[in-house]
Each structure stands twice: as C-alpha cells, then as structure tokens.
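> What follows is target_17.txt, made up of compact mmCIF, C-alpha atoms and all ligand atoms:
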# COMPACT_ATOMS: atom_id res chain seq x y z
CA MET M 51 0.00 0.00 0.00
CA SER M 52 1.51 3.34 -0.93
CA THR M 53 1.45 6.28 1.47
CA PRO M 54 0.11 9.58 0.06
CA ALA M 55 2.87 12.15 -0.44
CA GLY M 56 2.87 15.13 1.91
CA LEU M 57 3.04 18.77 0.91
CA PRO M 58 6.53 20.32 0.64
CA PHE M 59 7.09 23.48 2.68
CA LEU M 60 9.93 25.71 3.85
CA LYS M 61 10.39 27.96 6.84
CA GLY M 62 12.06 31.36 6.59
CA HIS M 63 12.36 34.66 8.39
CA GLY M 64 13.32 38.29 7.89
CA THR M 65 14.40 40.07 11.09
CA GLU M 66 12.56 37.27 12.92
CA ASN M 67 9.22 37.92 11.22
CA ASP M 68 8.75 34.27 10.30
CA PHE M 69 6.88 32.53 7.52
CA VAL M 70 5.75 29.15 6.31
CA ILE M 71 6.55 29.07 2.59
CA LEU M 72 4.27 26.90 0.43
CA PRO M 73 5.45 26.38 -3.15
CA ASP M 74 2.34 26.08 -5.33
CA PRO M 75 3.49 27.17 -8.81
CA ASP M 76 0.30 26.12 -10.62
CA GLY M 77 -2.09 27.51 -8.02
CA ALA M 78 -3.43 24.02 -7.30
CA LEU M 79 -4.04 24.62 -3.60
CA THR M 80 -7.14 26.07 -1.99
CA LEU M 81 -6.03 27.61 1.29
CA SER M 82 -8.84 28.10 3.77
CA PRO M 83 -8.24 30.50 6.68
CA GLU M 84 -8.46 27.45 8.98
CA ALA M 85 -5.72 25.57 7.09
CA VAL M 86 -3.43 28.63 7.17
CA ALA M 87 -4.04 29.17 10.89
CA ARG M 88 -3.30 25.48 11.52
CA LEU M 89 -0.01 25.67 9.63
CA CYS M 90 0.98 28.87 11.48
CA ASP M 91 0.03 27.49 14.91
CA ARG M 92 3.21 27.57 17.03
CA ARG M 93 2.28 24.60 19.16
CA ALA M 94 0.30 22.24 16.96
CA GLY M 95 1.58 23.33 13.54
CA VAL M 96 4.81 24.45 11.84
CA GLY M 97 4.48 27.88 13.51
CA ALA M 98 4.87 31.31 11.91
CA ASP M 99 3.62 34.90 11.85
CA GLY M 100 2.31 34.35 8.33
CA LEU M 101 2.33 32.24 5.21
CA LEU M 102 3.81 32.91 1.77
CA ARG M 103 2.23 30.89 -1.02
CA VAL M 104 4.46 30.93 -4.10
CA VAL M 105 2.25 30.93 -7.20
CA ARG M 106 2.86 31.90 -10.82
CA CYS M 107 1.10 35.20 -11.54
CA ASP M 108 -0.70 33.65 -14.50
CA ALA M 109 -2.02 30.82 -12.32
CA LEU M 110 -3.97 33.07 -9.95
CA PRO M 111 -6.90 35.38 -10.82
CA GLU M 112 -5.41 38.16 -8.62
CA GLY M 113 -2.03 37.79 -10.32
CA ARG M 114 -3.06 37.66 -13.97
CA ALA M 115 -2.98 41.44 -14.53
CA LEU M 116 0.62 41.46 -13.23
CA ALA M 117 1.84 38.50 -15.31
CA GLY M 118 3.46 40.80 -17.91
CA GLU M 119 5.67 42.33 -15.22
CA ALA M 120 6.35 39.48 -12.81
CA ARG M 121 6.49 35.69 -13.06
CA TRP M 122 5.77 35.00 -9.38
CA PHE M 123 2.99 36.15 -7.06
CA MET M 124 3.32 36.34 -3.27
CA ASP M 125 -0.03 35.18 -1.90
CA TYR M 126 0.42 36.44 1.68
CA ARG M 127 -1.74 35.29 4.60
CA ASN M 128 -1.57 36.41 8.22
CA GLY M 129 -1.16 33.83 10.98
CA ASP M 130 -4.92 33.87 11.69
CA GLY M 131 -5.60 32.97 8.05
CA SER M 132 -6.69 36.45 6.92
CA VAL M 133 -5.48 37.85 3.60
CA ALA M 134 -3.23 40.94 3.56
CA GLU M 135 -2.21 43.18 0.70
CA MET M 136 1.51 43.25 1.38
CA CYS M 137 4.29 42.00 3.60
CA GLY M 138 7.66 43.74 3.43
CA ASN M 139 9.72 41.14 5.29
CA GLY M 140 7.81 38.52 3.35
CA VAL M 141 8.90 39.92 -0.04
CA ARG M 142 12.56 39.67 0.97
CA VAL M 143 12.10 36.06 2.11
CA PHE M 144 10.01 35.29 -1.00
CA ALA M 145 12.79 36.54 -3.29
CA ARG M 146 15.41 34.64 -1.30
CA PHE M 147 13.26 31.48 -1.69
CA LEU M 148 12.98 31.90 -5.48
CA TRP M 149 16.77 32.04 -5.73
CA HIS M 150 17.27 29.19 -3.22
CA ALA M 151 14.83 26.96 -5.13
CA GLY M 152 16.43 27.73 -8.51
CA LEU M 153 13.21 29.36 -9.74
CA THR M 154 15.17 32.40 -10.92
CA GLU M 155 18.72 33.17 -11.97
CA ASP M 156 18.17 36.92 -11.65
CA THR M 157 19.37 38.87 -8.65
CA GLU M 158 16.72 41.51 -9.38
CA ILE M 159 13.29 39.94 -9.10
CA ALA M 160 9.86 41.47 -9.67
CA VAL M 161 7.26 40.00 -7.32
CA GLY M 162 3.50 40.37 -7.81
CA THR M 163 1.56 41.25 -4.64
CA ARG M 164 -1.98 42.44 -3.93
CA ALA M 165 -0.50 45.93 -3.53
CA GLY M 166 1.16 45.75 -6.97
CA ILE M 167 4.68 44.89 -8.16
CA ARG M 168 7.56 45.00 -5.67
CA THR M 169 11.12 44.56 -6.95
CA ALA M 170 13.69 42.79 -4.77
CA ARG M 171 17.48 42.98 -5.26
CA LEU M 172 19.47 40.13 -3.72
CA GLY M 173 22.76 41.29 -2.17
CA ALA M 174 25.89 39.13 -1.99
CA ASP M 175 25.87 39.46 1.83
CA GLY M 176 22.46 37.76 2.26
CA GLY M 177 20.64 41.08 2.50
CA VAL M 178 17.76 41.95 0.19
CA THR M 179 16.66 45.43 -0.87
CA VAL M 180 13.02 45.88 -1.85
CA GLY M 181 11.40 48.77 -3.69
CA MET M 182 8.35 49.24 -1.48
CA GLY M 183 6.55 51.87 -3.55
CA ARG M 184 5.44 55.25 -2.22
CA ALA M 185 3.83 55.80 1.16
CA GLU M 186 0.42 57.43 1.30
CA LEU M 187 -0.41 59.66 4.24
CA PRO M 188 -4.14 60.30 4.03
CA SER M 189 -5.03 63.85 4.99
CA GLY M 190 -8.19 65.04 6.73
CA PRO M 191 -9.97 63.26 9.60
CA GLY M 192 -8.56 59.84 8.62
CA GLY M 193 -4.96 61.14 8.59
CA THR M 194 -4.49 61.00 12.31
CA ALA M 195 -5.89 58.57 14.82
CA THR M 196 -5.77 57.71 18.49
CA VAL M 197 -4.28 54.41 19.58
CA THR M 198 -5.30 53.00 22.96
CA VAL M 199 -3.85 50.22 25.10
CA GLY M 200 -5.57 49.74 28.45
CA GLU M 201 -5.79 53.17 30.10
CA ARG M 202 -3.20 54.83 27.85
CA SER M 203 -3.72 56.62 24.54
CA TRP M 204 -1.40 58.19 21.98
CA PRO M 205 -1.96 60.19 18.80
CA ALA M 206 -1.01 58.20 15.70
CA VAL M 207 -0.23 58.97 12.07
CA HIS M 208 -2.02 56.98 9.37
CA VAL M 209 0.48 55.67 6.80
CA ASP M 210 -0.54 53.38 3.97
CA MET M 211 2.21 51.14 2.55
CA GLY M 212 -0.19 49.10 0.44
CA ASN M 213 -1.48 47.89 3.81
CA PRO M 214 -2.62 50.10 6.70
CA HIS M 215 -0.51 51.37 9.62
CA ALA M 216 -1.13 53.58 12.65
CA VAL M 217 2.21 54.96 13.89
CA ALA M 218 2.37 56.25 17.47
CA PHE M 219 5.44 57.98 18.94
CA VAL M 220 5.85 57.00 22.60
CA ALA M 221 8.31 57.86 25.38
CA GLU M 222 9.36 54.24 26.03
CA LEU M 223 8.68 51.08 24.01
CA ASP M 224 7.41 49.36 27.17
CA ASP M 225 4.71 52.03 27.61
CA ALA M 226 2.34 49.96 25.48
CA GLY M 227 2.61 46.96 27.82
CA PRO M 228 2.57 43.34 26.65
CA LEU M 229 0.27 43.89 23.59
CA LEU M 230 -1.68 40.69 24.16
CA GLU M 231 -4.63 42.16 22.25
CA ALA M 232 -5.00 44.47 19.29
CA PRO M 233 -4.71 48.12 20.42
CA GLY M 234 -7.88 50.16 20.07
CA VAL M 235 -7.80 52.61 17.15
CA ALA M 236 -10.17 55.55 16.67
CA PRO M 237 -11.81 56.70 14.51
CA ALA M 238 -12.61 53.20 13.29
CA GLU M 239 -13.69 54.65 9.90
CA ALA M 240 -10.04 55.56 9.21
CA TYR M 241 -9.24 51.84 9.12
CA PRO M 242 -12.28 49.99 7.73
CA HIS M 243 -10.25 46.78 7.31
CA GLY M 244 -8.36 47.02 10.62
CA THR M 245 -4.75 48.10 10.96
CA ASN M 246 -1.24 47.29 12.04
CA VAL M 247 -0.07 49.47 14.93
CA GLU M 248 3.53 50.61 15.51
CA PHE M 249 4.93 52.16 18.71
CA VAL M 250 8.10 54.18 18.08
CA VAL M 251 10.91 55.77 20.07
CA ASP M 252 13.96 57.73 18.93
CA ARG M 253 17.38 56.17 19.26
CA GLY M 254 19.42 58.98 17.69
CA ALA M 255 19.56 61.12 14.58
CA ALA M 256 17.65 59.31 11.78
CA HIS M 257 17.52 56.24 14.01
CA VAL M 258 14.32 54.89 15.57
CA ALA M 259 13.13 51.67 17.21
CA LEU M 260 9.68 50.11 17.12
CA ARG M 261 7.34 47.52 18.49
CA VAL M 262 4.47 46.34 16.34
CA HIS M 263 1.09 44.71 16.75
CA GLU M 264 0.22 43.17 13.40
CA ARG M 265 -3.31 42.86 12.15
CA GLY M 266 -4.02 39.13 11.95
CA SER M 267 -0.84 38.00 13.71
CA GLY M 268 -0.49 39.81 17.08
CA GLU M 269 2.78 41.26 18.36
CA THR M 270 5.63 40.16 16.10
CA ARG M 271 9.40 40.64 16.13
CA SER M 272 9.34 42.78 12.99
CA CYS M 273 7.14 44.21 10.26
CA GLY M 274 8.73 45.48 7.06
CA THR M 275 5.82 47.59 5.85
CA GLY M 276 5.47 48.83 9.45
CA ALA M 277 9.14 49.85 9.56
CA CYS M 278 8.66 51.79 6.29
CA ALA M 279 5.54 53.48 7.68
CA VAL M 280 7.49 54.43 10.81
CA MET M 281 10.39 55.75 8.75
CA VAL M 282 8.07 57.99 6.74
CA ALA M 283 6.21 59.24 9.83
CA ALA M 284 9.55 60.02 11.53
CA ALA M 285 10.95 61.71 8.42
CA ARG M 286 7.90 63.99 8.07
CA ARG M 287 8.03 64.81 11.79
CA ASP M 288 11.75 65.67 11.33
CA GLY M 289 10.98 67.97 8.38
CA HIS M 290 12.05 65.65 5.52
CA ASP M 291 9.89 65.17 2.44
CA PRO M 292 12.09 63.84 -0.38
CA ALA M 293 9.41 63.98 -3.09
CA ALA M 294 8.92 67.69 -2.30
CA ASP M 295 12.50 68.83 -1.60
CA GLY M 296 14.38 66.40 -3.89
CA ARG M 297 16.66 65.12 -1.11
CA ALA M 298 16.69 61.40 -0.31
CA VAL M 299 16.78 60.47 3.35
CA THR M 300 17.81 57.24 5.11
CA TYR M 301 16.76 56.01 8.58
CA THR M 302 17.89 53.04 10.61
CA VAL M 303 14.87 51.26 12.05
CA ASP M 304 15.49 48.80 14.89
CA VAL M 305 12.88 46.11 15.40
CA PRO M 306 12.85 43.52 18.20
CA GLY M 307 14.23 40.95 15.71
CA GLY M 308 16.99 43.01 14.12
CA ARG M 309 17.68 46.12 12.07
CA LEU M 310 16.38 47.53 8.79
CA SER M 311 17.80 50.35 6.71
CA ILE M 312 15.13 52.39 4.94
CA THR M 313 15.62 55.11 2.34
CA GLU M 314 12.98 57.41 0.89
CA ARG M 315 14.38 58.36 -2.50
CA ALA M 316 14.03 61.77 -4.11
CA ASP M 317 11.20 60.38 -6.25
CA GLY M 318 9.33 59.29 -3.10
CA VAL M 319 9.92 55.56 -3.61
CA ILE M 320 10.91 53.74 -0.43
CA GLU M 321 13.68 51.16 -0.41
CA MET M 322 14.06 48.76 2.51
CA THR M 323 17.17 46.64 3.09
CA GLY M 324 17.37 43.75 5.54
CA PRO M 325 18.13 40.08 5.95
CA ALA M 326 16.15 37.16 4.49
CA VAL M 327 16.87 33.67 5.72
CA ILE M 328 15.68 30.22 4.67
CA VAL M 329 15.77 28.15 7.85
CA ALA M 330 14.47 24.71 6.92
CA GLU M 331 12.61 22.70 4.36
CA GLY M 332 10.53 19.62 4.77
CA VAL M 333 7.33 17.79 4.01
CA LEU M 334 4.06 18.06 5.93
CA ASP M 335 2.98 14.69 7.26
CA PRO M 336 -0.07 13.70 5.16
CA ALA M 337 -1.57 12.15 8.28
CA TRP M 338 -1.53 15.64 9.85
CA LEU M 339 -2.57 17.63 6.79
CA ASP M 340 -3.87 15.64 3.85
CA PRO M 341 -2.84 17.52 0.67
CA ALA M 342 -6.10 16.32 -0.93
CA ALA M 343 -7.97 18.53 1.56
CA LEU M 344 -6.20 21.57 0.06
CA ARG M 345 -6.85 20.48 -3.49
CA ALA M 346 -10.59 20.10 -3.11
N1 LIG P 401 4.81 41.39 8.59
C1 LIG P 401 4.47 42.04 7.40
C2 LIG P 401 3.08 42.60 7.29
C3 LIG P 401 2.06 41.46 7.16
C4 LIG P 401 0.65 41.92 6.89
C5 LIG P 401 0.03 42.66 8.03
N2 LIG P 401 -0.10 41.87 9.22
C6 LIG P 401 -1.34 43.18 7.57
O1 LIG P 401 -2.36 42.54 7.87
O2 LIG P 401 -1.37 44.20 6.88
C7 LIG P 401 5.55 42.98 6.89
O3 LIG P 401 6.73 42.62 7.09
O4 LIG P 401 5.26 43.97 6.24
Hey, can you dump this file as structure tokens for me?


Amino acid sequence: MSTPAGLPFLKGHGTENDFVILPDPDGALTLSPEAVARLCDRRAGVGADGLLRVVRCDALPEGRALAGEARWFMDYRNGDGSVAEMCGNGVRVFARFLWHAGLTEDTEIAVGTRAGIRTARLGADGGVTVGMGRAELPSGPGGTATVTVGERSWPAVHVDMGNPHAVAFVAELDDAGPLLEAPGVAPAEAYPHGTNVEFVVDRGAAHVALRVHERGSGETRSCGTGACAVMVAAARRDGHDPAADGRAVTYTVDVPGGRLSITERADGVIEMTGPAVIVAEGVLDPAWLDPAALRA
C-alpha cells in the first residue's frame, strides 16, 4: 500500500518575522483560513507569523494582470488565516526562496503582490533590498488617529504602505505593555479593514526603534511595511519630504528581531534593506494535513 505524499514546505524569516513558505506554482491549492491558521500554529503546527504561497502570476486570478511584469505572485496570509495586501519582510524572504529553489537566476526579481509589483534585489551578503513603492499619508480626519492600550492613549499617524498602519510615537517602548490584544484605534472609519499598529521611540539622529502589533498575527518581532511606515512618519516629523524637496533620506529602524535600513528616495519611492533567511525545508505529514484537503 503506498502512502500519500505530503506537501513540501519551507520555513524562513526576515528580522525574525517568520513565515511558512508553500510552493504552489500552478495555483493548485485552496487555502482556507483554517488551514493557514493550523499551519501557522506555534504549538500544533509548523508555527509562523504568516504564510507565503508561491504561485505563478498567470495561475492566480489576482495575479493575472501582473503577469506581464512578474512571473511570481506572493499570496500572503496572516497567521490567523486572513489575507493581507503586502508583507515587506515577506517579499525579501520570498525573493530569497525563489533564488534558493532555482526558480530564478536573476538577482533583481519582480514579485507580484496584492499591492502591486515590488522589486527585490538580492545582495551578496544575504541582504535583500526591496522597492516598497510610495507611502500614502491620508489627509483630513482619517490622517491621524488615536491608539489606545488599556488606560493609555497616543496620537497616531495613518500611513498606507499598500497595507494600513497607525504609527504612534511613545516615550518608552514598554509604555504599550505586553500587547496581548490588538490596540484600540479611533476613529474606526479611518481603518475599515483594521490596521497594524507601531509604537516608536527615537534612538538617535535618523535612528528609531519600534514595536508592532500586526493585524491578523499579534505582536511580532518585525514588520517590514510597518518599519517603512514608521520611517516615513519620523521623516515627516523631522521635516524631511524627499518627493517635495528632492533630497533622499535614510533612517535606521530597529525592530525587536533586528535592524532595517530604509531610504525614501528623491522620487518618493521607499527602499528597505534587511536580511532574508531560509531556515528549513521539509514535508508536511499527510496524516496531519492531507494535501487532498487543500486540493478540493
Ligand atoms: N509582517 C508584514 C506585514 C504582514 C501583513 C500585516 N499583518 C497586515 O495585515 O497588513 C511585513 O513585514 O510587512
């Protein structure tokens, strides 16, 4: 009697924001939120903040419009199984995976995402630089918000990096407490689909540190889009606006899991550089997760 083959997977991280990577070039898998949450479960599953499904752009309805610009689509899911538009650390790990798996020979790789094309450049030192697009800072009532944890509240800046962020400058990173639940954010209408929340302190000139509570994942050790949102909020606060004054600016952003270097170029495009690591690869036991259940 032959045993059914299990599903191949990899595990990777970028500044300790960790991911289950599921190669699915032909888009044959149907990933329910429950299946994703099970895979990302840190006790009963593989364990991760999120999941990166690797699909050809032309094999996925959401990717088809991007197929002329990118071969691969990053289908990103949060640890609770919800879908998100973008994941900055994820794009670096995704690009590293494509190279690792021999799916590309290019060191500059266009990746399709729900927020559009992101281009990753693999460095010889293991670092990856990603063109993250331009930040949007909505003006008007939705441009600022109030973030609340327990009894404490802070004003926050709304920054859109393809996905939503509320950036709050605080005196100490511990001020927000253990972040066991999603911080409250008001007005709710500013974030109709929920938001990621970053707490930020200064470490020096053009150098900040953050903690993050990610929508759909909880507190994580890093968030690439969050770090970019923080960089932009800090730059505007410090009087820098490259797209307006033509002068690029670079910030160091420390996250609990490492360090990112983020530049806002004179054309307003944000570039983020940081590590991307493939940790392990293996096969899911078919007795634990029957691949047929994902191909239904
Ligand atoms: N960790 C990611 C962001 C993942 C998506 C986020 N939780 C959301 O729901 O928008 C990053 O590195 O950017």

> Taking 2 positions as the minimum chain separation for residues in the same chain, which residues sit within 6 Å of Leu260 in chain M when counting all atoms listed in the file? Answer as a list in words.

Phe249, Val250 and Val305 of chain M

> Nearest to ligand LIG 401 (chain P) among M:Gly138, M:Pro292, M:Gly95, M:Pro233, with distances taken over all atoms listed in the file: which residue is it?

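Going through M:Gly138, M:Pro292, M:Gly95, M:Pro233 one by one, the smallest distance to ligand LIG 401 (chain P) is for M:Gly138.
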
> Give the residues close to ligand LIG 401 (chain P), within 10 Å, counting only C-alpha atoms and all ligand atoms; write them as a ChimeraX atom specification.

/M:63-69,99-101,126-130,132-143,182,210-215,243-247,262-279

> Which is closest to Leu334 in chain M among M:Gly62, M:Thr302, M:Leu89, M:Asp125, if we use all atoms listed in the file?

M:Leu89

> Between M:Cys107, M:Ile167, M:Leu57, M:Val207, single out the one closest to Ala195 in chain M, counting all atoms listed in the file.

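Of M:Cys107, M:Ile167, M:Leu57, M:Val207, the one nearest Ala195 in chain M is M:Val207, counting all atoms listed in the file.
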
> Can you work out which one of M:Ile71, M:Trp204, M:Arg171, M:Glu222 has the shortest atom-to-atom distance to Gly97 in chain M, counting only C-alpha atoms?

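Selected residue with least distance to Gly97 in chain M: M:Ile71.
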
> Measure the distance from CA of Trp149 in chain M to CA of Gly118 in chain M in Å and round it to one decimal.

20.1 Å

> So which one's closest to Arg146 in chain M, M:Arg121, M:Lys61, M:Arg164, M:Arg297? Using all atoms listed in the file, please.

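With all atoms listed in the file as the atom set, the closest residue is M:Lys61.
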
> As lines of an AutoDock Vina configuration file, what would the box around range 140-148 of chain M look like: edges along x, y and z, 4 Å added on every side, centre and edge lengths in Å to one decimal?


center_x = 11.6
center_y = 35.7
center_z = -1.1
size_x = 15.6
size_y = 16.4
size_z = 16.8

> Out of M:Ala238, M:Val199, M:Ala117, M:Val251, which residue has the shortest atom-to-atom distance to Ala226 in chain M when counting only C-alpha atoms?

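Once distances to Ala226 in chain M are computed over only C-alpha atoms, the minimum belongs to M:Val199.
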
> Can you list, as a PyMOL selection string, every protein, DNA or RNA residue that comes within 12 Å of Ala145 in chain M when you count all atoms listed in the file, leaving out same-chain residues fewer than 2 positions away?

chain M and resi 62-64+71+102+104+120-124+138-143+147-162+168-173+176-180+325-328

> Store the residues of this selection in a file with C-alpha atoms, as a PDB file, in the coordinates of the input.


ATOM      1  CA  GLY M  62      12.060  31.360   6.590  1.00  0.00           C
ATOM      2  CA  HIS M  63      12.360  34.660   8.390  1.00  0.00           C
ATOM      3  CA  GLY M  64      13.320  38.290   7.890  1.00  0.00           C
ATOM      4  CA  ILE M  71       6.550  29.070   2.590  1.00  0.00           C
ATOM      5  CA  LEU M 102       3.810  32.910   1.770  1.00  0.00           C
ATOM      6  CA  VAL M 104       4.460  30.930  -4.100  1.00  0.00           C
ATOM      7  CA  ALA M 120       6.350  39.480 -12.810  1.00  0.00           C
ATOM      8  CA  ARG M 121       6.490  35.690 -13.060  1.00  0.00           C
ATOM      9  CA  TRP M 122       5.770  35.000  -9.380  1.00  0.00           C
ATOM     10  CA  PHE M 123       2.990  36.150  -7.060  1.00  0.00           C
ATOM     11  CA  MET M 124       3.320  36.340  -3.270  1.00  0.00           C
ATOM     12  CA  GLY M 138       7.660  43.740   3.430  1.00  0.00           C
ATOM     13  CA  ASN M 139       9.720  41.140   5.290  1.00  0.00           C
ATOM     14  CA  GLY M 140       7.810  38.520   3.350  1.00  0.00           C
ATOM     15  CA  VAL M 141       8.900  39.920  -0.040  1.00  0.00           C
ATOM     16  CA  ARG M 142      12.560  39.670   0.970  1.00  0.00           C
ATOM     17  CA  VAL M 143      12.100  36.060   2.110  1.00  0.00           C
ATOM     18  CA  PHE M 147      13.260  31.480  -1.690  1.00  0.00           C
ATOM     19  CA  LEU M 148      12.980  31.900  -5.480  1.00  0.00           C
ATOM     20  CA  TRP M 149      16.770  32.040  -5.730  1.00  0.00           C
ATOM     21  CA  HIS M 150      17.270  29.190  -3.220  1.00  0.00           C
ATOM     22  CA  ALA M 151      14.830  26.960  -5.130  1.00  0.00           C
ATOM     23  CA  GLY M 152      16.430  27.730  -8.510  1.00  0.00           C
ATOM     24  CA  LEU M 153      13.210  29.360  -9.740  1.00  0.00           C
ATOM     25  CA  THR M 154      15.170  32.400 -10.920  1.00  0.00           C
ATOM     26  CA  GLU M 155      18.720  33.170 -11.970  1.00  0.00           C
ATOM     27  CA  ASP M 156      18.170  36.920 -11.650  1.00  0.00           C
ATOM     28  CA  THR M 157      19.370  38.870  -8.650  1.00  0.00           C
ATOM     29  CA  GLU M 158      16.720  41.510  -9.380  1.00  0.00           C
ATOM     30  CA  ILE M 159      13.290  39.940  -9.100  1.00  0.00           C
ATOM     31  CA  ALA M 160       9.860  41.470  -9.670  1.00  0.00           C
ATOM     32  CA  VAL M 161       7.260  40.000  -7.320  1.00  0.00           C
ATOM     33  CA  GLY M 162       3.500  40.370  -7.810  1.00  0.00           C
ATOM     34  CA  ARG M 168       7.560  45.000  -5.670  1.00  0.00           C
ATOM     35  CA  THR M 169      11.120  44.560  -6.950  1.00  0.00           C
ATOM     36  CA  ALA M 170      13.690  42.790  -4.770  1.00  0.00           C
ATOM     37  CA  ARG M 171      17.480  42.980  -5.260  1.00  0.00           C
ATOM     38  CA  LEU M 172      19.470  40.130  -3.720  1.00  0.00           C
ATOM     39  CA  GLY M 173      22.760  41.290  -2.170  1.00  0.00           C
ATOM     40  CA  GLY M 176      22.460  37.760   2.260  1.00  0.00           C
ATOM     41  CA  GLY M 177      20.640  41.080   2.500  1.00  0.00           C
ATOM     42  CA  VAL M 178      17.760  41.950   0.190  1.00  0.00           C
ATOM     43  CA  THR M 179      16.660  45.430  -0.870  1.00  0.00           C
ATOM     44  CA  VAL M 180      13.020  45.880  -1.850  1.00  0.00           C
ATOM     45  CA  PRO M 325      18.130  40.080   5.950  1.00  0.00           C
ATOM     46  CA  ALA M 326      16.150  37.160   4.490  1.00  0.00           C
ATOM     47  CA  VAL M 327      16.870  33.670   5.720  1.00  0.00           C
ATOM     48  CA  ILE M 328      15.680  30.220   4.670  1.00  0.00           C
TER      49      ILE M 328
END

> Rounded to one decimal place, report the CA of Ala94 in chain M-CA of Val70 in chain M distance in Å.

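Taking CA of Ala94 in chain M as the start and CA of Val70 in chain M as the end point, the length is 13.8 Å.
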
> So what do you get for CA of Pro237 in chain M versus CA of Thr196 in chain M, distance-wise?

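Computing the Euclidean distance for CA of Pro237 in chain M and CA of Thr196 in chain M yields 7.3 Å.
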